[in-house]
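**Q** Input start.txt, format and content: compact mmCIF, C-alpha atoms (C1' of nucleotides).
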# COMPACT_ATOMS: atom_id res chain seq x y z
CA MET A 1 57.26 45.21 2.18
CA SER A 2 54.69 44.46 4.79
CA VAL A 3 53.05 41.57 3.00
CA ASN A 4 55.02 38.44 2.10
CA LEU A 5 53.31 36.41 -0.57
CA GLY A 6 53.44 32.67 -0.94
CA TYR A 7 51.78 29.90 -2.92
CA ALA A 8 50.55 26.38 -2.33
CA CYS A 9 51.92 22.95 -3.13
CA ILE A 10 52.66 22.78 -6.84
CA ASN A 11 55.46 24.63 -8.54
CA SER A 12 54.33 24.54 -12.15
CA THR A 13 57.63 25.81 -13.48
CA LEU A 14 59.63 22.96 -11.96
CA GLN A 15 56.92 20.43 -12.73
CA GLU A 16 56.78 21.31 -16.40
CA GLN A 17 60.44 21.99 -17.01
CA SER A 18 62.02 19.28 -14.91
CA LYS A 19 59.20 16.93 -13.91
CA ILE A 20 59.90 17.82 -10.28
CA MET A 21 56.93 16.98 -8.07
CA CYS A 22 56.24 16.41 -4.40
CA SER A 23 52.76 14.92 -4.48
CA ARG A 24 53.11 11.60 -6.23
CA GLY A 25 50.62 9.16 -4.76
CA MET A 26 48.67 6.06 -5.67
CA ILE A 27 45.07 4.90 -5.74
CA ARG A 28 43.83 2.23 -3.36
CA ARG A 29 44.21 -0.59 -5.82
CA THR A 30 47.88 0.19 -6.31
CA TRP A 31 48.43 0.64 -2.58
CA LEU A 32 46.96 -2.83 -1.96
CA ALA A 33 49.12 -4.30 -4.69
CA LYS A 34 52.43 -2.59 -3.96
CA GLY A 35 52.20 -1.57 -0.31
CA ILE A 36 54.87 -0.06 1.89
CA PRO A 37 57.91 -0.47 -0.38
CA TYR A 38 56.28 1.58 -3.12
CA ALA A 39 54.95 4.12 -0.61
CA SER A 40 58.51 4.53 0.64
CA GLU A 41 59.81 5.01 -2.87
CA LEU A 42 57.21 7.68 -3.63
CA ALA A 43 57.77 9.46 -0.30
CA LEU A 44 61.51 9.65 -0.96
CA SER A 45 60.85 10.98 -4.44
CA ASN A 46 58.42 13.53 -2.98
CA VAL A 47 60.76 14.88 -0.32
CA ARG A 48 63.55 15.17 -2.89
CA GLY A 49 61.13 17.14 -5.04
CA LEU A 50 60.28 19.29 -2.06
CA ARG A 51 63.94 20.13 -1.58
CA GLU A 52 64.12 21.43 -5.16
CA VAL A 53 60.97 23.50 -4.69
CA VAL A 54 62.25 25.06 -1.46
CA LYS A 55 65.58 25.88 -3.13
CA TRP A 56 63.72 27.38 -6.06
CA ASN A 57 61.62 29.49 -3.70
CA ASN A 58 64.76 30.88 -2.09
CA ALA A 59 66.27 31.64 -5.46
CA ASN A 60 63.10 33.49 -6.41
CA ASP A 61 62.67 35.43 -3.17
CA ILE A 62 59.56 33.57 -2.12
CA SER A 63 59.45 33.22 1.64
CA VAL A 64 56.02 31.64 2.21
CA TYR A 65 55.12 28.18 0.96
CA ARG A 66 52.50 25.55 1.76
CA ILE A 67 53.71 21.98 1.54
CA THR A 68 51.35 19.45 -0.01
CA SER A 69 49.58 17.05 2.35
CA CYS A 70 50.40 14.24 -0.08
CA LEU A 71 54.11 13.94 0.76
CA PHE A 72 53.67 10.46 2.24
CA PRO A 73 51.13 8.36 0.29
CA TRP A 74 48.75 6.42 2.56
CA MET A 75 50.55 7.88 5.57
CA SER A 76 47.79 6.94 8.02
CA GLU A 77 48.35 3.27 7.28
CA TYR A 78 51.90 3.01 8.60
CA ASP A 79 54.47 4.41 10.95
CA MET A 80 56.73 6.63 8.84
CA THR A 81 59.82 5.55 10.76
CA ARG A 82 59.30 2.01 9.46
CA LEU A 83 59.56 2.91 5.79
CA PRO A 84 62.53 1.16 4.14
CA ASP A 85 63.89 4.52 3.00
CA TYR A 86 63.19 6.29 6.29
CA ALA A 87 66.80 7.21 7.04
CA GLU A 88 67.20 8.89 3.69
CA ILE A 89 63.77 10.51 3.87
CA ALA A 90 64.52 11.93 7.31
CA ALA A 91 67.93 13.18 6.22
CA THR A 92 66.39 14.84 3.17
CA LEU A 93 63.67 16.51 5.24
CA ALA A 94 66.28 17.75 7.72
CA ASP A 95 68.15 19.24 4.79
CA VAL A 96 64.97 20.83 3.40
CA GLY A 97 64.28 22.39 6.79
CA HIS A 98 67.81 23.69 7.05
CA ILE A 99 67.60 25.26 3.60
CA ALA A 100 64.27 26.88 4.44
CA ARG A 101 65.28 28.19 7.85
CA THR A 102 68.57 29.58 6.62
CA ALA A 103 66.69 31.70 4.11
CA GLY A 104 63.82 32.55 6.45
CA GLN A 105 61.32 30.66 4.34
CA ARG A 106 58.11 29.86 6.22
CA LEU A 107 56.57 26.46 5.55
CA SER A 108 53.09 25.28 6.44
CA PHE A 109 50.60 22.46 5.92
CA HIS A 110 46.89 22.41 5.20
CA PRO A 111 45.32 18.96 5.67
CA GLY A 112 42.12 18.64 3.67
CA GLN A 113 38.42 18.06 4.01
CA PHE A 114 38.69 14.62 5.56
CA CYS A 115 40.47 15.90 8.63
CA VAL A 116 37.59 16.74 10.97
CA LEU A 117 38.35 17.07 14.67
CA ALA A 118 34.77 18.24 15.35
CA SER A 119 33.14 15.14 13.89
CA PRO A 120 30.57 13.39 16.10
CA ASN A 121 31.98 10.14 14.72
CA GLU A 122 34.78 8.90 16.98
CA SER A 123 36.55 6.94 14.25
CA THR A 124 36.69 10.07 12.10
CA VAL A 125 38.18 11.96 15.04
CA VAL A 126 40.78 9.27 15.64
CA LYS A 127 41.81 9.32 11.99
CA SER A 128 41.98 13.10 12.06
CA LEU A 129 44.09 13.13 15.22
CA ARG A 130 46.47 10.70 13.61
CA GLU A 131 46.78 12.75 10.45
CA LEU A 132 47.53 15.90 12.42
CA ASP A 133 50.04 14.15 14.66
CA GLN A 134 51.82 12.71 11.65
CA THR A 135 51.82 16.06 9.88
CA ALA A 136 53.37 17.57 13.00
CA GLN A 137 55.92 14.77 12.95
CA ILE A 138 56.95 15.90 9.46
CA MET A 139 57.34 19.45 10.79
CA ASP A 140 59.56 18.00 13.48
CA MET A 141 61.63 16.18 10.86
CA LEU A 142 61.99 19.51 9.08
CA GLY A 143 63.23 20.98 12.36
CA MET A 144 60.53 23.64 12.37
CA PRO A 145 59.44 25.52 15.49
CA LYS A 146 56.63 24.17 17.63
CA SER A 147 54.45 27.21 17.09
CA PRO A 148 52.06 28.64 14.50
CA ALA A 149 55.13 30.05 12.79
CA ALA A 150 55.06 26.56 11.26
CA LYS A 151 51.32 26.30 11.05
CA ILE A 152 49.18 23.26 10.37
CA ASN A 153 45.89 24.76 9.32
CA ILE A 154 42.48 23.07 9.15
CA HIS A 155 38.77 23.79 9.10
CA VAL A 156 36.59 22.94 12.08
CA GLY A 157 33.94 20.96 10.14
CA GLY A 158 31.36 18.61 11.62
CA ALA A 159 28.65 21.26 12.01
CA TYR A 160 25.54 19.24 11.12
CA GLY A 161 23.50 22.36 11.76
CA GLU A 162 24.77 22.62 15.36
CA ARG A 163 27.85 24.76 15.31
CA GLU A 164 28.05 25.30 19.07
CA ASN A 165 28.25 21.58 19.77
CA ALA A 166 30.75 21.07 17.00
CA LEU A 167 33.01 23.84 18.27
CA ALA A 168 32.96 22.21 21.71
CA ARG A 169 33.84 18.83 20.20
CA PHE A 170 36.69 20.47 18.31
CA CYS A 171 38.19 21.92 21.48
CA LYS A 172 37.82 18.63 23.29
CA ALA A 173 39.49 16.66 20.50
CA PHE A 174 42.28 19.24 20.31
CA LYS A 175 43.43 18.21 23.77
CA ARG A 176 44.05 14.69 22.49
CA LEU A 177 46.66 15.84 19.96
CA THR A 178 50.38 15.52 20.61
CA HIS A 179 52.06 18.67 21.89
CA SER A 180 53.85 18.88 18.56
CA ALA A 181 50.51 19.15 16.72
CA GLN A 182 48.73 21.33 19.30
CA SER A 183 51.48 23.90 19.22
CA ARG A 184 51.12 24.44 15.46
CA LEU A 185 47.41 24.08 14.82
CA THR A 186 45.38 26.94 13.35
CA VAL A 187 41.75 27.19 12.16
CA GLU A 188 40.37 28.90 9.07
CA ASN A 189 37.05 30.61 8.36
CA ASP A 190 34.74 28.74 5.97
CA ASP A 191 33.19 29.31 2.57
CA LYS A 192 29.65 28.13 3.40
CA PRO A 193 26.98 30.09 5.26
CA ASN A 194 26.26 27.16 7.59
CA LEU A 195 29.87 26.75 8.67
CA TYR A 196 32.16 29.04 10.63
CA SER A 197 32.93 32.74 10.41
CA THR A 198 36.02 34.35 11.88
CA LYS A 199 33.91 35.61 14.78
CA MET A 200 32.54 32.13 15.52
CA LEU A 201 36.06 30.73 15.49
CA TYR A 202 37.19 33.52 17.78
CA ASN A 203 34.55 32.74 20.38
CA GLY A 204 34.34 28.99 19.92
CA VAL A 205 38.00 28.11 19.41
CA TYR A 206 40.43 30.94 20.14
CA LYS A 207 38.85 31.93 23.45
CA GLN A 208 38.71 28.29 24.53
CA ILE A 209 42.07 26.87 23.45
CA GLY A 210 44.01 29.88 22.22
CA ILE A 211 44.98 28.77 18.72
CA PRO A 212 45.21 31.42 15.98
CA ILE A 213 42.75 32.04 13.17
CA VAL A 214 43.80 32.08 9.53
CA PHE A 215 41.70 34.68 7.74
CA ASP A 216 40.70 33.71 4.20
CA SER A 217 39.53 36.68 2.13
CA HIS A 218 37.58 34.67 -0.43
CA HIS A 219 35.82 32.55 2.19
CA PHE A 220 35.00 35.72 4.05
CA GLY A 221 32.87 36.83 1.11
CA ILE A 222 30.79 33.65 0.88
CA GLY A 223 30.73 32.37 4.46
CA PRO A 224 28.48 33.52 7.32
CA GLN A 225 28.05 37.30 7.31
CA ASP A 226 28.40 38.58 10.86
CA LEU A 227 31.22 41.13 10.67
CA ASP A 228 32.63 43.31 7.92
CA TYR A 229 35.96 42.61 6.26
CA HIS A 230 37.95 45.08 8.29
CA ASP A 231 36.74 43.77 11.63
CA SER A 232 37.11 40.12 10.59
CA PHE A 233 40.67 40.72 9.48
CA TYR A 234 41.59 42.48 12.70
CA LEU A 235 39.78 39.96 14.87
CA ALA A 236 41.78 37.16 13.24
CA ARG A 237 44.91 39.29 13.57
CA SER A 238 44.38 39.63 17.31
CA THR A 239 44.72 35.85 17.72
CA TRP A 240 48.35 35.80 16.55
CA ALA A 241 50.83 36.03 19.40
CA PRO A 242 53.47 38.75 19.32
CA GLY A 243 56.50 37.60 17.36
CA ILE A 244 54.54 35.23 15.14
CA LYS A 245 53.47 36.84 11.92
CA GLN A 246 49.81 36.61 11.05
CA GLN A 247 49.10 34.35 8.10
CA CYS A 248 46.15 34.74 5.74
CA HIS A 249 44.82 33.20 2.55
CA HIS A 250 43.81 35.09 -0.53
CA SER A 251 42.03 34.01 -3.67
CA ASN A 252 39.56 35.30 -6.21
CA SER A 253 36.43 33.52 -7.39
CA ARG A 254 36.76 31.81 -10.73
CA ARG A 255 33.12 32.50 -11.40
CA ASP A 256 33.46 36.24 -10.85
CA TYR A 257 36.43 36.77 -13.09
CA GLU A 258 37.11 33.90 -15.45
CA ASP A 259 34.21 31.51 -16.00
CA SER A 260 30.60 32.40 -15.20
CA THR A 261 29.67 28.71 -15.10
CA ALA A 262 32.25 27.81 -12.45
CA ASN A 263 31.35 27.14 -8.83
CA LYS A 264 31.72 30.32 -6.83
CA VAL A 265 34.09 28.67 -4.37
CA ALA A 266 36.49 27.63 -7.15
CA HIS A 267 39.70 29.63 -7.43
CA SER A 268 40.67 31.71 -10.41
CA THR A 269 43.93 31.19 -12.27
CA TRP A 270 45.13 34.79 -11.81
CA PHE A 271 44.37 37.64 -9.43
CA TYR A 272 42.07 40.57 -10.07
CA THR A 273 42.11 42.10 -6.60
CA PRO A 274 45.02 42.37 -4.17
CA PHE A 275 44.79 41.20 -0.58
CA GLU A 276 43.67 44.00 1.74
CA SER A 277 45.89 43.95 4.84
CA TYR A 278 45.61 47.60 5.86
CA ASN A 279 49.36 47.75 5.49
CA GLU A 280 49.85 45.39 8.43
CA PRO A 281 52.75 42.95 8.29
CA THR A 282 51.21 39.68 7.14
CA ASP A 283 52.11 36.48 5.32
CA VAL A 284 49.61 35.63 2.61
CA VAL A 285 49.28 32.29 0.87
CA LEU A 286 47.81 32.83 -2.60
CA GLU A 287 45.42 30.07 -3.61
CA CYS A 288 44.98 29.95 -7.36
CA LYS A 289 45.41 27.72 -10.34
CA GLY A 290 48.29 29.82 -11.64
CA LYS A 291 50.47 28.94 -8.64
CA GLU A 292 53.89 30.64 -8.55
CA LEU A 293 53.30 32.27 -11.93
CA ALA A 294 50.22 33.98 -10.53
CA LEU A 295 52.32 35.17 -7.61
CA PHE A 296 54.75 36.87 -9.98
CA LYS A 297 51.89 38.41 -11.91
CA TYR A 298 50.33 39.60 -8.66
CA LEU A 299 53.57 41.32 -7.69
CA ASN A 300 53.74 42.94 -11.09
CA ASP A 301 50.10 44.00 -11.20
CA PHE A 302 49.69 45.24 -7.64
CA THR A 303 52.73 45.54 -5.43
CA LEU A 304 55.12 47.25 -7.82
CA LYS A 305 52.42 49.66 -8.87
CA ASP A 306 51.75 50.53 -5.24
CA ALA A 307 55.41 51.18 -4.61
CA ALA A 308 55.68 53.53 -7.59
C1' DC B 309 51.68 8.89 -25.66
C1' DC B 310 47.49 10.91 -24.52
C1' DA B 311 42.64 11.70 -23.19
C1' DG B 312 39.39 10.80 -20.12
C1' DG B 313 37.42 8.29 -16.44
C1' DT B 314 38.50 7.44 -11.71
C1' DC B 315 39.84 8.14 -7.07
C1' DA B 316 40.57 6.52 0.92
C1' DA B 317 38.82 9.61 3.61
C1' DG B 318 33.69 14.01 5.23
C1' DG B 319 29.98 16.45 4.86
C1' DG B 320 26.33 19.29 2.76
C1' DA B 321 22.33 19.82 -0.20
C1' DG B 322 18.63 18.12 -2.60
C1' DT B 323 15.37 14.51 -3.30
C1' DA C 324 17.96 6.85 2.97
C1' DC C 325 19.85 7.87 -1.12
C1' DT C 326 22.46 10.17 -4.71
C1' DC C 327 25.27 13.54 -6.22
C1' DC C 328 28.03 17.35 -5.35
C1' DC C 329 31.97 20.04 -3.52
C1' DT C 330 38.00 20.98 -4.97
C1' DT C 331 42.15 19.39 -6.46
C1' DG C 332 45.33 17.06 -9.04
C1' DA C 333 47.42 12.75 -10.01
C1' DC C 334 46.63 7.88 -11.14
C1' DC C 335 45.88 4.52 -14.50
C1' DT C 336 43.71 2.27 -18.39
C1' DG C 337 42.47 1.71 -22.99
C1' DG C 338 42.84 3.34 -27.36
Show the structure stored in the file as structure tokens.

**A**
Amino acid sequence: MSVNLGYACINSTLQEQSKIMCSRGMIRRTWLAKGIPYASELALSNVRGLREVVKWNNANDISVYRITSCLFPWMSEYDMTRLPDYAEIAATLADVGHIARTAGQRLSFHPGQFCVLASPNESTVVKSLRELDQTAQIMDMLGMPKSPAAKINIHVGGAYGERENALARFCKAFKRLTHSAQSRLTVENDDKPNLYSTKMLYNGVYKQIGIPIVFDSHHFGIGPQDLDYHDSFYLARSTWAPGIKQQCHHSNSRRDYEDSTANKVAHSTWFYTPFESYNEPTDVVLECKGKELALFKYLNDFTLKDAA
DNA sequence: CCAGGTCAAGGGAGT
DNA sequence: ACTCCCTTGACCTGG
């Protein structure tokens, strides 16, 4: 099979059947009240949950999985090595990494909307650098390769109507990251016309600093329109070094298929169209509300039919 | 025990 | 300059 499918963050089966989670966090008020000891407790609980999810993925032949960015609550506020449970957390993560690598399961991260390397605001950049460095530190604890095989994927952001300047700021800020973070960073095309297309990322990021582009099929449809799907896919594909499998995202619009009142950028629960990869070997993270159950349904609806 | 309001962070769009 | 919105999913309170 040329396409390996994966899913993101929550395993609904484990969560519902066994209350296994890896994204327990706390709101600010609780953080101020309970602080580091509670953060440590939650982080340990989260990485133990992650171990169960990774084992489950192996047992279910799923070889692509995005880890939640909420593993360590309030991570930016402390040095992870100072958590009271650090030794056990680190040992658990090492075990998780071993389990994943042994089975050839590819793990990734996708920090969210607040991580903006291209921001004109220096304090936002500093916070973003820290988040990426710490995320890379978790990859290191997992024993994952320092390459986009273990990708940490983000959006460029910070456009303010001046994409050229923002792209330049992004590349400049990139150089301030640790090697561990630089080696794994990837950028993704956006879902708004005023943000970045695959082509803009190719010229403004890949040609400058050489990091790969994650092609998102759904964002392609609603972002800037400057290339067709085929050319966007192959342009993104050309940024992945030999030996490191291209990774893409696929989702369907909730508005188009499930709820006409939903925002067009919202994801559907299930899939109505398969990812078009032109039969190229690719890893695809499915983004949908149905999580791993939608992955199984996708396989049933599309892949098996194709094989028949 | 559950429903529903709330929630660190950035940025865009509309006024 | 201001407000509200984006997505997501878990927190947490009050009933």

**Q** A:Cys115: which residues within 12 Å, counting all atoms listed in the file, same-chain residues fewer than 3 positions away excluded, as a PyMOL selection string?

**A** (chain A and resi 69+76+110-112+118-119+121+123-133+135+152-158+170+173+187) or (chain B and resi 317-319)

**Q** Expressed in Å to a single decimal, how great is the separation between atom CA of A:Ala103 and atom CA of A:Val53?

**A**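 Atom-to-atom, atom CA of A:Ala103 and atom CA of A:Val53 are spaced 13.3 Å apart.
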
**Q** Report as a tab-separated table the residues of chain A within 7 Å of chain B, each with its shortest atom pair and distance in Å (one decimal), using only C-alpha atoms (C1' of nucleotides), ordered by chain and increasing residue number.

**A**
residue	atom	partner	partner_atom	distance
A:Ile27	CA	B:DC315	C1'	6.3
A:Arg28	CA	B:DA316	C1'	6.9
A:Gln113	CA	B:DG318	C1'	6.3
A:Phe114	CA	B:DG318	C1'	5.0

**Q** Which residues of chain C sit at most 8 Å from chain A, using all atoms listed in the file? Give each one's shortest atom pair and distance in Å (one decimal place), in chain and ascending residue order, as a tab-separated table.

**A**
residue	atom	partner	partner_atom	distance
C:DT330	C1'	A:Ala266	CA	7.2
C:DA333	C1'	A:Arg24	CA	6.9
C:DC334	C1'	A:Met26	CA	6.1

**Q** Within 12 Å of (34.7, 37.9, -12.3) in the file's own coordinates, which protein, DNA or RNA residues have an atom, counting all atoms listed in the file? List them as a list in words.

**A**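 Here the neighbourhood of the point contains Ser251, Asn252, Ser253, Arg254, Arg255, Asp256, Tyr257, Glu258, Asp259, Ser260, Thr261, Ala262, Asn263, Lys264, Ala266, His267, Ser268, Thr269, Trp270, Phe271, Tyr272 and Thr273 of chain A.
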
**Q** Could you jot down the atom CA of A:Gln17 to atom CA of A:Arg51 separation for me, Å, one decimal place?

**A**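 One can read the atom CA of A:Gln17 to atom CA of A:Arg51 distance as 15.9 Å.
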
**Q** Please determine, counting only C-alpha atoms (C1' of nucleotides), which residue among A:Thr68, A:Arg237, A:Arg184, A:Ser40 has the shortest atom-to-atom distance to C:DT331.

**A**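 Of all the options, A:Thr68 lies closest to C:DT331.
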
**Q** Would you compute the box with edges along x, y and z of the file around stretch 170-173 of chain A, including every atom the file lists for it and 5 Å extra on each side, and give its centre and edge lengths in Å to one decimal, as AutoDock Vina command-line options?

**A**
--center_x 38.1 --center_y 19.3 --center_z 20.8 --size_x 12.8 --size_y 15.3 --size_z 15.0

**Q** For A:Val285, list every protein, DNA or RNA residue within 10 Å, evaluated using only C-alpha atoms (C1' of nucleotides), and leave out those in the same chain fewer than 3 positions away; present the list as number ranges by chain.

**A** A: 4-8, 64-66, 108, 216, 247-251, 282, 288, 295
